[in-house]
>>> print(open('run37.cif').read())   # mmCIF, C-alpha atoms
data_structure
#
loop_
_atom_site.label_atom_id
_atom_site.label_comp_id
_atom_site.auth_asym_id
_atom_site.auth_seq_id
_atom_site.Cartn_x
_atom_site.Cartn_y
_atom_site.Cartn_z
CA MET I 1 0.00 0.00 0.00
CA ASN I 2 1.22 3.51 -0.62
CA TYR I 3 0.43 6.43 1.67
CA ALA I 4 -2.75 7.37 -0.18
CA GLN I 5 -4.16 3.91 0.44
CA GLN I 6 -5.78 2.73 3.61
CA LEU I 7 -6.73 -0.69 4.89
CA LYS I 8 -10.05 -0.88 6.74
CA LYS I 9 -12.24 -3.50 8.24
CA LEU I 10 -15.47 -3.53 6.24
CA ASN I 11 -18.81 -3.89 7.92
CA LEU I 12 -20.95 -5.23 5.12
CA LYS I 13 -24.11 -4.58 7.05
CA GLU I 14 -23.57 -0.90 6.38
CA THR I 15 -25.23 -0.17 3.06
CA HIS I 16 -22.62 2.43 2.14
CA TYR I 17 -19.80 -0.15 2.24
CA TYR I 18 -21.90 -3.00 0.97
CA LYS I 19 -22.72 -1.13 -2.24
CA GLN I 20 -19.08 -0.34 -3.00
CA TRP I 21 -18.07 -3.89 -2.14
CA ALA I 22 -20.73 -5.49 -4.35
CA ALA I 23 -19.84 -3.12 -7.19
CA LEU I 24 -16.15 -4.06 -7.00
CA LEU I 25 -16.91 -7.78 -6.98
CA ALA I 26 -19.27 -7.39 -9.94
CA GLN I 27 -16.68 -5.33 -11.81
CA GLU I 28 -14.08 -8.09 -11.32
CA GLY I 29 -16.50 -10.83 -12.33
CA ILE I 30 -16.90 -12.47 -8.94
CA LYS I 31 -20.32 -13.64 -8.01
CA GLY I 32 -21.16 -12.14 -4.64
CA SER I 33 -23.67 -13.54 -2.26
CA SER I 34 -27.00 -11.96 -1.58
CA GLN I 35 -26.83 -13.09 2.04
CA VAL I 36 -23.37 -11.90 2.92
CA SER I 37 -24.06 -11.28 6.56
CA VAL I 38 -24.38 -15.02 7.15
CA ASP I 39 -21.79 -15.86 4.58
CA VAL I 40 -18.75 -14.01 5.88
CA ASP I 41 -17.13 -13.73 9.33
CA GLY I 42 -14.87 -10.81 8.49
CA CYS I 43 -14.07 -8.56 5.55
CA PHE I 44 -11.32 -6.07 4.69
CA GLY I 45 -11.04 -3.37 2.07
CA ILE I 46 -8.30 -1.10 0.80
CA PHE I 47 -9.43 2.41 -0.05
CA GLU I 48 -7.87 5.18 -2.09
CA ASP I 49 -9.57 8.56 -1.83
CA GLN I 50 -12.68 6.98 -0.31
CA ARG I 51 -12.88 4.53 -3.18
CA LEU I 52 -12.70 0.78 -2.58
CA ILE I 53 -9.93 -0.68 -4.76
CA ALA I 54 -9.33 -4.12 -3.20
CA THR I 55 -11.20 -6.47 -0.90
CA GLY I 56 -11.09 -9.89 0.70
CA ALA I 57 -13.12 -11.79 3.28
CA TYR I 58 -13.09 -14.99 5.29
CA GLN I 59 -15.55 -17.47 6.69
CA LYS I 60 -14.08 -19.75 9.31
CA ASN I 61 -10.71 -20.61 7.79
CA VAL I 62 -11.70 -20.17 4.15
CA LEU I 63 -10.68 -17.02 2.29
CA LYS I 64 -13.42 -15.68 0.03
CA TYR I 65 -14.46 -12.84 -2.24
CA ILE I 66 -10.97 -11.64 -3.02
CA ALA I 67 -10.96 -8.93 -5.66
CA VAL I 68 -8.61 -6.18 -6.77
CA ASP I 69 -9.60 -3.33 -9.07
CA ALA I 70 -8.25 -4.04 -12.58
CA ASN I 71 -6.42 -0.68 -12.62
CA TYR I 72 -4.28 -1.70 -9.63
CA GLN I 73 -3.41 -5.28 -10.43
CA ASP I 74 0.35 -5.27 -10.06
CA GLY I 75 0.14 -7.77 -7.21
CA LYS I 76 0.81 -5.38 -4.33
CA LEU I 77 -2.77 -4.93 -3.19
CA PHE I 78 -3.45 -8.62 -3.54
CA ASN I 79 -0.58 -9.39 -1.16
CA ASP I 80 -1.79 -6.70 1.24
CA ILE I 81 -5.29 -8.13 1.36
CA ILE I 82 -4.04 -11.68 1.91
CA SER I 83 -1.73 -10.43 4.69
CA ALA I 84 -4.61 -8.64 6.39
CA LEU I 85 -6.81 -11.76 6.22
CA ILE I 86 -4.07 -14.07 7.52
CA ASN I 87 -3.23 -11.71 10.38
CA ALA I 88 -6.90 -11.38 11.33
CA LEU I 89 -7.34 -15.16 11.36
CA SER I 90 -4.12 -15.79 13.27
CA GLN I 91 -5.28 -13.40 15.99
CA GLN I 92 -8.24 -15.74 16.45
CA GLY I 93 -5.87 -18.68 16.73
CA ILE I 94 -6.58 -19.96 13.21
CA PHE I 95 -3.38 -20.91 11.41
CA HIS I 96 -4.59 -23.15 8.62
CA PHE I 97 -6.19 -21.46 5.63
CA PHE I 98 -7.95 -22.58 2.50
CA VAL I 99 -9.00 -20.82 -0.65
CA PHE I 100 -11.29 -21.80 -3.49
CA THR I 101 -10.61 -19.86 -6.63
CA LYS I 102 -10.58 -19.86 -10.40
CA PRO I 103 -7.64 -21.66 -12.05
CA ILE I 104 -6.24 -18.35 -13.39
CA TYR I 105 -5.57 -17.12 -9.82
CA ARG I 106 -3.67 -20.22 -8.76
CA LYS I 107 -0.26 -18.63 -9.40
CA SER I 108 -1.09 -15.51 -7.37
CA PHE I 109 -1.87 -17.64 -4.33
CA GLU I 110 1.13 -19.91 -4.82
CA PHE I 111 3.24 -16.79 -4.90
CA VAL I 112 2.19 -15.98 -1.32
CA GLY I 113 2.87 -19.45 0.02
CA PHE I 114 -0.32 -21.39 -0.78
CA LYS I 115 -0.04 -24.99 -2.00
CA LEU I 116 -2.34 -26.64 -4.52
CA LEU I 117 -4.62 -29.34 -3.12
CA ALA I 118 -6.90 -30.11 -6.05
CA GLU I 119 -7.88 -28.73 -9.41
CA THR I 120 -10.61 -29.12 -11.97
CA ALA I 121 -11.32 -27.21 -15.18
CA LEU I 122 -13.50 -24.77 -13.22
CA ALA I 123 -11.80 -24.29 -9.88
CA VAL I 124 -8.74 -24.86 -7.72
CA LEU I 125 -8.40 -25.45 -3.98
CA LEU I 126 -5.27 -24.33 -2.16
CA GLU I 127 -4.09 -24.35 1.45
CA ALA I 128 -1.49 -22.60 3.58
CA GLY I 129 -0.52 -22.67 7.22
CA ASP I 130 0.75 -24.85 10.02
CA VAL I 131 -0.68 -28.18 8.91
CA SER I 132 -0.66 -29.69 5.45
CA LEU I 133 -2.16 -32.47 3.41
CA GLN I 134 1.13 -34.37 3.54
CA GLN I 135 1.15 -34.24 7.34
CA PHE I 136 -2.42 -35.54 7.40
CA ILE I 137 -1.59 -38.43 5.07
CA ALA I 138 1.55 -39.25 7.07
CA GLN I 139 -0.39 -39.73 10.32
CA VAL I 140 -3.06 -42.08 8.90
CA PRO I 141 -2.38 -45.58 10.32
CA ARG I 142 -0.79 -48.01 7.86
CA LEU I 143 -0.86 -51.77 7.38
CA GLU I 144 2.08 -54.01 6.74
CA ASN I 145 2.45 -54.58 3.01
CA GLN I 146 -0.11 -51.88 2.37
CA SER I 147 0.76 -51.70 -1.32
CA THR I 148 -0.16 -55.32 -2.00
CA ARG I 149 -3.47 -55.33 -0.14
CA MET I 150 -6.93 -54.58 -1.43
CA ILE I 151 -7.76 -51.43 0.52
CA SER I 152 -11.03 -49.54 0.41
CA ALA I 153 -12.51 -46.48 2.08
CA ILE I 154 -15.82 -44.99 3.16
CA VAL I 155 -16.35 -41.37 4.15
CA MET I 156 -19.27 -40.80 6.52
CA ASN I 157 -20.70 -38.07 8.70
CA ALA I 158 -22.62 -40.68 10.76
CA ASN I 159 -24.93 -38.23 12.51
CA PRO I 160 -25.43 -40.58 14.34
CA PHE I 161 -24.04 -44.02 13.47
CA THR I 162 -26.87 -46.38 12.44
CA LEU I 163 -27.18 -50.01 11.40
CA GLY I 164 -27.36 -48.63 7.86
CA HIS I 165 -23.79 -47.34 8.22
CA ARG I 166 -22.74 -50.60 9.80
CA TYR I 167 -24.25 -52.59 6.95
CA LEU I 168 -22.29 -50.50 4.45
CA VAL I 169 -19.05 -51.10 6.38
CA THR I 170 -19.57 -54.86 6.76
CA GLN I 171 -20.21 -55.14 3.02
CA ALA I 172 -16.99 -53.25 2.32
CA ALA I 173 -15.07 -55.30 4.90
CA GLN I 174 -16.10 -58.53 3.18
CA LYS I 175 -15.01 -57.26 -0.21
CA SER I 176 -11.59 -55.91 0.78
CA ASP I 177 -8.58 -56.73 2.97
CA PHE I 178 -8.82 -53.50 4.90
CA VAL I 179 -11.26 -50.59 5.16
CA TYR I 180 -10.59 -47.01 6.20
CA ILE I 181 -13.63 -45.27 7.67
CA PHE I 182 -13.09 -41.52 7.47
CA VAL I 183 -15.49 -39.75 9.83
CA VAL I 184 -16.24 -36.16 8.80
CA SER I 185 -14.43 -33.79 11.18
CA GLN I 186 -16.44 -30.61 10.54
CA ASP I 187 -18.28 -29.96 13.78
CA VAL I 188 -21.64 -28.61 12.59
CA SER I 189 -23.99 -31.56 13.04
CA LEU I 190 -26.47 -32.45 15.79
CA PHE I 191 -24.01 -34.97 17.20
CA THR I 192 -20.59 -33.41 17.82
CA THR I 193 -17.54 -34.64 15.97
CA GLU I 194 -16.27 -36.40 19.08
CA GLU I 195 -19.63 -38.11 19.69
CA ARG I 196 -19.97 -39.21 16.07
CA PHE I 197 -16.42 -40.52 15.98
CA LYS I 198 -16.80 -42.52 19.20
CA LEU I 199 -20.12 -44.02 18.16
CA VAL I 200 -18.61 -45.14 14.85
CA GLN I 201 -15.63 -46.67 16.68
CA LYS I 202 -17.86 -48.46 19.19
CA GLY I 203 -20.28 -49.64 16.55
CA LEU I 204 -17.47 -51.22 14.52
CA ALA I 205 -15.22 -52.45 17.33
CA ASP I 206 -15.80 -56.12 16.44
CA LEU I 207 -14.55 -55.78 12.84
CA PRO I 208 -10.80 -56.51 12.79
CA ASN I 209 -10.02 -55.16 9.32
CA VAL I 210 -11.62 -51.75 9.81
CA VAL I 211 -9.92 -48.63 11.13
CA VAL I 212 -11.73 -45.39 11.96
CA VAL I 213 -9.87 -42.17 11.14
CA PRO I 214 -10.92 -38.49 11.40
CA SER I 215 -11.33 -37.02 7.92
CA SER I 216 -9.59 -33.83 9.06
CA GLU I 217 -10.34 -30.87 6.80
CA TYR I 218 -9.52 -32.72 3.62
CA MET I 219 -12.78 -34.57 3.02
CA VAL I 220 -16.30 -33.12 3.11
CA SER I 221 -15.41 -30.04 5.17
CA TYR I 222 -16.16 -26.32 5.01
CA ALA I 223 -12.95 -26.07 3.02
CA THR I 224 -13.49 -28.81 0.44
CA PHE I 225 -17.26 -29.05 0.21
CA PRO I 226 -19.09 -26.24 2.03
CA SER I 227 -22.40 -26.88 0.30
CA TYR I 228 -22.67 -30.21 2.12
CA PHE I 229 -23.49 -28.08 5.17
CA LEU I 230 -24.96 -24.93 3.62
CA PRO I 231 -27.74 -24.61 1.06
CA GLU I 232 -26.33 -23.90 -2.40
CA SER I 233 -27.28 -23.93 -6.07
CA GLN I 234 -26.64 -27.00 -8.18
CA ASP I 235 -23.70 -25.60 -10.21
CA VAL I 236 -21.85 -24.63 -7.02
CA ILE I 237 -22.41 -28.10 -5.59
CA GLU I 238 -21.14 -29.62 -8.82
CA TYR I 239 -17.83 -27.78 -8.88
CA GLN I 240 -17.24 -28.29 -5.15
CA THR I 241 -17.95 -32.01 -5.29
CA ALA I 242 -15.61 -32.37 -8.26
CA LEU I 243 -12.81 -30.69 -6.27
CA ASP I 244 -13.50 -32.83 -3.20
CA ALA I 245 -13.34 -35.92 -5.42
CA GLN I 246 -10.03 -34.85 -6.98
CA LEU I 247 -8.57 -34.27 -3.53
CA PHE I 248 -9.77 -37.66 -2.34
CA LYS I 249 -8.09 -39.26 -5.34
CA LYS I 250 -4.81 -37.64 -4.36
CA ILE I 251 -5.10 -38.98 -0.79
CA ALA I 252 -6.26 -42.41 -2.00
CA THR I 253 -3.29 -42.83 -4.32
CA GLN I 254 -0.84 -42.29 -1.46
CA LEU I 255 -2.66 -44.65 0.91
CA ASN I 256 -3.14 -47.25 -1.82
CA ILE I 257 -6.93 -47.03 -1.50
CA ARG I 258 -8.28 -48.74 -4.59
CA GLN I 259 -11.98 -48.61 -3.94
CA ARG I 260 -14.47 -46.24 -2.36
CA PHE I 261 -17.84 -47.47 -1.22
CA LEU I 262 -20.89 -45.22 -1.18
CA GLY I 263 -24.32 -45.69 0.26
CA GLU I 264 -27.14 -45.36 -2.23
CA GLU I 265 -28.78 -41.97 -1.69
CA PRO I 266 -32.54 -41.80 -2.15
CA PHE I 267 -33.20 -38.70 0.01
CA SER I 268 -30.57 -35.97 0.02
CA LYS I 269 -30.12 -34.14 -3.27
CA THR I 270 -26.68 -32.84 -2.26
CA THR I 271 -25.41 -36.30 -1.33
CA ALA I 272 -26.82 -37.71 -4.57
CA LEU I 273 -24.90 -35.06 -6.55
CA TYR I 274 -21.79 -35.83 -4.50
CA ASN I 275 -22.07 -39.54 -5.29
CA LYS I 276 -22.42 -38.68 -8.97
CA ALA I 277 -19.31 -36.47 -8.86
CA LEU I 278 -17.31 -39.24 -7.18
CA GLN I 279 -18.38 -41.71 -9.84
CA ALA I 280 -17.35 -39.24 -12.54
CA ASN I 281 -13.99 -38.24 -11.03
CA LEU I 282 -12.47 -41.14 -9.09
CA PRO I 283 -12.12 -43.91 -11.72
CA PRO I 284 -9.93 -45.40 -13.07
CA GLU I 285 -7.50 -44.96 -10.12
CA VAL I 286 -10.20 -45.54 -7.51
CA ILE I 287 -13.17 -47.78 -8.27
CA VAL I 288 -16.49 -46.51 -6.96
CA GLU I 289 -19.11 -48.97 -5.78
CA VAL I 290 -22.58 -47.89 -4.68
CA LEU I 291 -24.20 -50.25 -2.19
CA PRO I 292 -27.96 -50.37 -1.68
CA ARG I 293 -29.26 -49.24 1.67
CA LEU I 294 -30.27 -51.62 4.38
CA GLU I 295 -34.05 -51.88 4.68
CA THR I 296 -35.91 -53.06 7.72
CA ALA I 297 -39.37 -54.56 7.38
CA GLU I 298 -41.09 -51.28 6.57
CA GLN I 299 -38.52 -48.68 5.66
CA VAL I 300 -34.99 -47.68 4.68
CA ILE I 301 -32.76 -46.84 7.64
CA SER I 302 -31.50 -43.28 7.72
CA ALA I 303 -29.82 -41.08 10.29
CA THR I 304 -32.31 -38.33 9.42
CA GLN I 305 -35.12 -40.44 10.82
CA VAL I 306 -33.13 -41.08 13.97
CA ARG I 307 -32.69 -37.34 14.46
CA LYS I 308 -36.39 -36.71 13.82
CA ALA I 309 -37.28 -39.31 16.42
CA ILE I 310 -35.02 -37.55 18.94
CA GLN I 311 -36.75 -34.27 18.14
CA SER I 312 -40.20 -35.71 18.68
CA GLY I 313 -39.11 -37.64 21.75
CA ALA I 314 -40.04 -40.98 20.18
CA ILE I 315 -36.69 -42.72 20.42
CA GLU I 316 -38.28 -46.12 21.02
CA THR I 317 -39.32 -46.11 17.35
CA ILE I 318 -35.74 -46.12 16.11
CA ARG I 319 -34.39 -48.73 18.49
CA THR I 320 -34.06 -51.26 15.65
CA PHE I 321 -32.29 -48.70 13.41
CA VAL I 322 -29.15 -48.25 15.47
CA PRO I 323 -26.54 -50.39 17.23
CA ALA I 324 -26.96 -50.81 20.99
CA THR I 325 -24.04 -48.42 21.60
CA THR I 326 -25.71 -45.61 19.65
CA TYR I 327 -29.10 -46.28 21.26
CA GLN I 328 -27.62 -46.17 24.72
CA PHE I 329 -25.89 -42.89 23.98
CA ILE I 330 -29.09 -41.33 22.63
CA LYS I 331 -31.08 -42.53 25.62
CA GLN I 332 -28.57 -41.09 28.09
CA ASN I 333 -28.19 -37.80 26.25
CA GLN I 334 -31.69 -37.28 24.94
CA ALA I 335 -32.21 -34.05 26.86
CA THR I 336 -28.92 -32.51 25.69
CA LEU I 337 -29.67 -33.44 22.09
CA GLN I 338 -33.15 -31.94 22.30
CA VAL I 339 -31.73 -28.71 23.70
CA ARG I 340 -29.38 -28.52 20.71
CA ILE I 341 -32.36 -28.94 18.36
CA GLN I 342 -34.32 -26.26 20.21
CA LYS I 343 -31.34 -23.93 19.88
CA GLY I 344 -31.66 -24.19 16.10
CA MET I 345 -29.69 -27.30 15.09
CA GLN I 346 -31.29 -28.65 11.92
CA VAL I 347 -32.47 -32.26 12.01
CA ASP I 348 -33.25 -32.73 8.33
CA GLY I 349 -30.01 -31.33 6.88
CA ASN I 350 -26.81 -33.33 6.95
CA MET O 1 12.76 -24.97 24.58
CA GLU O 2 9.60 -25.88 22.71
CA ILE O 3 7.17 -23.24 21.54
CA LYS O 4 3.71 -23.21 23.10
CA HIS O 5 1.59 -22.74 20.00
CA THR O 6 1.65 -21.64 16.39
CA ALA O 7 2.43 -17.97 15.84
CA ILE O 8 2.81 -15.69 12.89
CA ALA O 9 4.53 -12.36 12.25
CA GLY O 10 5.12 -10.14 9.26
CA THR O 11 3.23 -9.50 6.05
CA LEU O 12 3.39 -10.35 2.36
CA GLU O 13 4.16 -6.78 1.33
CA SER O 14 7.17 -6.01 -0.79
CA SER O 15 10.40 -5.87 1.30
CA ASP O 16 8.74 -7.78 4.13
CA ILE O 17 8.63 -11.43 5.17
CA GLN O 18 5.82 -13.50 6.69
CA ILE O 19 7.03 -16.07 9.19
CA MET O 20 4.98 -18.82 10.80
CA LEU O 21 6.31 -21.03 13.58
CA SER O 22 4.57 -24.26 14.52
CA LYS O 23 5.37 -27.15 16.77
CA ILE O 24 6.59 -30.41 15.24
CA GLU O 25 8.09 -33.62 16.49
CA GLY O 26 11.66 -33.94 15.37
CA PRO O 27 14.38 -31.48 14.47
CA THR O 28 13.83 -27.93 13.27
CA GLU O 29 12.65 -27.56 9.68
CA ILE O 30 12.80 -24.42 7.61
CA GLU O 31 10.57 -24.01 4.58
CA LEU O 32 11.46 -20.83 2.77
CA GLU O 33 9.78 -19.39 -0.28
CA SER O 34 11.67 -16.42 -1.53
CA ALA O 35 11.80 -14.25 -4.61
CA VAL O 36 15.56 -14.03 -4.01
CA GLU O 37 16.08 -17.71 -3.22
CA LYS O 38 18.92 -18.08 -5.72
CA GLN O 39 20.88 -15.12 -4.45
CA PHE O 40 20.18 -15.18 -0.72
CA GLY O 41 18.38 -18.44 0.14
CA THR O 42 21.30 -19.97 2.06
CA GLN O 43 22.10 -16.73 3.87
CA ILE O 44 18.46 -16.30 4.99
CA ARG O 45 18.26 -19.88 6.28
CA THR O 46 21.52 -19.49 8.20
CA LEU O 47 20.26 -16.27 9.77
CA MET O 48 17.01 -17.94 10.81
CA ARG O 49 18.78 -20.95 12.31
CA THR O 50 21.12 -18.68 14.25
CA ILE O 51 18.24 -16.72 15.78
CA LEU O 52 16.31 -19.88 16.66
CA GLU O 53 19.45 -21.26 18.33
CA GLN O 54 20.02 -18.02 20.28
CA TYR O 55 16.54 -18.41 21.72
CA GLY O 56 17.10 -22.13 22.23
CA ILE O 57 13.99 -23.01 20.21
CA THR O 58 13.75 -26.65 19.14
CA ASN O 59 11.14 -28.91 17.53
CA VAL O 60 9.78 -26.19 15.37
CA LYS O 61 8.71 -25.83 11.77
CA LEU O 62 9.41 -22.42 10.32
CA LYS O 63 7.49 -21.48 7.20
CA ALA O 64 8.47 -18.22 5.57
CA VAL O 65 7.22 -16.33 2.54
CA ASP O 66 9.86 -13.76 1.75
CA LYS O 67 9.19 -10.76 -0.46
CA GLY O 68 12.75 -9.46 -0.48
CA ALA O 69 13.17 -8.55 3.19
CA LEU O 70 16.52 -7.23 4.46
CA ASP O 71 18.33 -9.17 7.20
CA CYS O 72 17.25 -6.70 9.88
CA THR O 73 13.59 -7.16 8.85
CA ILE O 74 13.92 -10.94 8.87
CA LYS O 75 15.47 -10.79 12.33
CA ALA O 76 12.73 -8.48 13.66
CA ARG O 77 9.93 -10.63 12.23
CA LEU O 78 11.42 -13.88 13.48
CA ILE O 79 11.99 -12.51 16.97
CA THR O 80 8.37 -11.31 17.05
CA ALA O 81 7.12 -14.71 15.91
CA ILE O 82 9.21 -16.44 18.59
CA GLN O 83 7.99 -14.10 21.34
CA ARG O 84 4.40 -14.72 20.28
CA ALA O 85 4.93 -18.47 20.08
CA ILE O 86 6.29 -18.64 23.63
CA ASP O 87 3.74 -16.13 25.01
CA LYS O 88 6.38 -13.57 25.86
CA GLN O 89 5.42 -10.77 23.51
CA ASN O 90 5.16 -8.33 26.41
CA ASP O 91 8.22 -9.62 28.19
CA PRO O 92 11.10 -9.73 25.70
CA ASP O 93 14.24 -11.68 26.41
CA TRP O 94 16.66 -8.73 26.55
CA GLU O 95 19.78 -10.80 26.97
CA VAL O 96 19.19 -12.58 23.70
CA LEU O 97 18.21 -9.36 21.97
CA GLY O 98 21.38 -7.58 23.03
#
>>> encode(input="run37.cif", output="structure tokens")
Amino acid sequence: MNYAQQLKKLNLKETHYYKQWAALLAQEGIKGSSQVSVDVDGCFGIFEDQRLIATGAYQKNVLKYIAVDANYQDGKLFNDIISALINALSQQGIFHFFVFTKPIYRKSFEFVGFKLLAETALAVLLEAGDVSLQQFIAQVPRLENQSTRMISAIVMNANPFTLGHRYLVTQAAQKSDFVYIFVVSQDVSLFTTEERFKLVQKGLADLPNVVVVPSSEYMVSYATFPSYFLPESQDVIEYQTALDAQLFKKIATQLNIRQRFLGEEPFSKTTALYNKALQANLPPEVIVEVLPRLETAEQVISATQVRKAIQSGAIETIRTFVPATTYQFIKQNQATLQVRIQKGMQVDGN
Amino acid sequence: MEIKHTAIAGTLESSDIQIMLSKIEGPTEIELESAVEKQFGTQIRTLMRTILEQYGITNVKLKAVDKGALDCTIKARLITAIQRAIDKQNDPDWEVLG
């Protein structure tokens, strides 16, 4: 920044700033959001003579809406904005950052220390900070002779773990030497990450060739696949799922995962699109197999129904849907779970 | 001495350097990205190692994005990052600084 330029925190709820901000994004061809107040945790702008010439924002640890006026694009303002965002996040104790952007901006981010995670024709995903994909892959438990075994993987949110999930895992365990269960680490579901992880572990404790691993931020997280958790349009879901799939392929190759199992998805549109993207992007390196859902006498088992039963206080009705460990947990924590629902936790999302 | 948590100092502006320190198991690692890597890469790494040793910092990963900072800037940024990482930003270690 030169002396005529000034960095400011932007409050997008103020119409005066919002208008300038939206105009700059539109000018630089970036699609802004109509509901920014929920969409962004913090936003910065650089002004020259009261005019906004560069901006950037963040939501959790994802950098967003980064734009620099075309008349000032020599790289300086871009670096200033990224610095401001990183400093703001680090003051909150966040030291691991992601960015989704168009392929043409990849170099600009690499130039300030970001590393490429995944790319498609439409978008790239990069990260920077104190942990990295390689560190994550290095700490995943390994088997002896991993490279000669038939290894498969399942990624699940398991909110909470049901007999449907267990059925999927047992099928996979029969068809392969070893199965990785990656439990989604993003903590935005009715059951907390810790609860979900423990219930998966307990519910699969008797299967010797299954290991349960946290997915970290590299699978189905706010960074790789935000629309799994937030409502989004179909084209956004499509490009995000493609990136998530590309990233999974990168991880799978290093862990020698040759197959990924998916549960058939009759209910959630987002999950159905995700399954489609995996089928389109993972082969030939990783084979995708979709397994039909487990059906009890009357209906298909789903975690959504379990959550609805908790909401309505009718947990007896889902007793046959879940392993004893999950049922016991729900019974003991029914009140806490209901409070979370009353406080606004969605039961019919993911 | 091990650092307490990750810390960051500096910016990505021209003539500055952004330094991040984080805890690792194992010996100190330095990951430097610099526009002047060819000319000054070795010198910058040596300087960083020296400062870390003066503070007795071990088991740390140092990631730096250098935009052509002078040695004095690098030193200032690294000292700040260290002080933040050991929660001593308001209580500098004068003996080391001298």
>>> resolve_selection(input="run37.cif", expression="the PyMOL selection byres ((chain I) within 12 of (chain O))", output="ChimeraX atom specification")
/I:1-2,74-96,108-115,128-132,135
>>> atom_distance(input="run37.cif", atom1="atom CA of I:Ser233", atom2="atom CA of I:Leu337")
29.8 Å
>>> residues_around(input="run37.cif", residues="O:Asp93", least_positions_apart="5", cutoff="10 Å", atoms="all atoms listed in the file", output="list in words")
Tyr55, Ile79, Gln83, Lys88 and Gly98 of chain O
>>> atom_distance(input="run37.cif", atom1="atom CA of I:Gly45", atom2="atom CA of I:Lys9")
6.3 Å
>>> resolve_selection(input="run37.cif", expression="the PyMOL selection byres ((chain I and resi 286) around 10)", output="ChimeraX atom specification")
/I:152-153,248-249,252-253,256-260,278-279,281-285,287-289
>>> atom_distance(input="run37.cif", atom1="atom CA of I:Thr304", atom2="atom CA of I:Ala172")
22.5 Å
>>> residues_around(input="run37.cif", residues="I:Glu265", least_positions_apart="6", cutoff="12 Å", atoms="only C-alpha atoms", output="VMD selection string")
chain I and resid 164 271 to 276 290 to 294 300 to 302
>>> build_atoms(input="run37.cif", residues="stretch 11-23 of chain I", atoms="N, CA and C atoms", output="tab-separated table (two decimals), in the coordinates of the input")
chain	number	residue	atom	x	y	z
I	11	ASN	N	-17.57	-3.34	7.37
I	11	ASN	CA	-18.81	-3.89	7.92
I	11	ASN	C	-19.83	-3.92	6.80
I	12	LEU	N	-20.09	-5.12	6.30
I	12	LEU	CA	-20.95	-5.23	5.12
I	12	LEU	C	-22.42	-5.01	5.44
I	13	LYS	N	-22.72	-4.88	6.71
I	13	LYS	CA	-24.11	-4.58	7.05
I	13	LYS	C	-24.41	-3.10	6.82
I	14	GLU	N	-23.34	-2.30	6.70
I	14	GLU	CA	-23.57	-0.90	6.38
I	14	GLU	C	-23.74	-0.77	4.87
I	15	THR	N	-24.89	-0.24	4.48
I	15	THR	CA	-25.23	-0.17	3.06
I	15	THR	C	-24.17	0.55	2.25
I	16	HIS	N	-23.63	1.63	2.82
I	16	HIS	CA	-22.62	2.43	2.14
I	16	HIS	C	-21.44	1.55	1.66
I	17	TYR	N	-20.92	0.73	2.58
I	17	TYR	CA	-19.80	-0.15	2.24
I	17	TYR	C	-20.25	-1.31	1.37
I	18	TYR	N	-21.42	-1.83	1.71
I	18	TYR	CA	-21.90	-3.00	0.97
I	18	TYR	C	-22.01	-2.70	-0.52
I	19	LYS	N	-22.52	-1.51	-0.84
I	19	LYS	CA	-22.72	-1.13	-2.24
I	19	LYS	C	-21.40	-1.08	-2.99
I	20	GLN	N	-20.40	-0.44	-2.36
I	20	GLN	CA	-19.08	-0.34	-3.00
I	20	GLN	C	-18.47	-1.72	-3.17
I	21	TRP	N	-18.65	-2.53	-2.14
I	21	TRP	CA	-18.07	-3.89	-2.14
I	21	TRP	C	-18.69	-4.72	-3.25
I	22	ALA	N	-20.03	-4.71	-3.33
I	22	ALA	CA	-20.73	-5.49	-4.35
I	22	ALA	C	-20.36	-5.01	-5.74
I	23	ALA	N	-20.19	-3.68	-5.88
I	23	ALA	CA	-19.84	-3.12	-7.19
I	23	ALA	C	-18.45	-3.60	-7.62
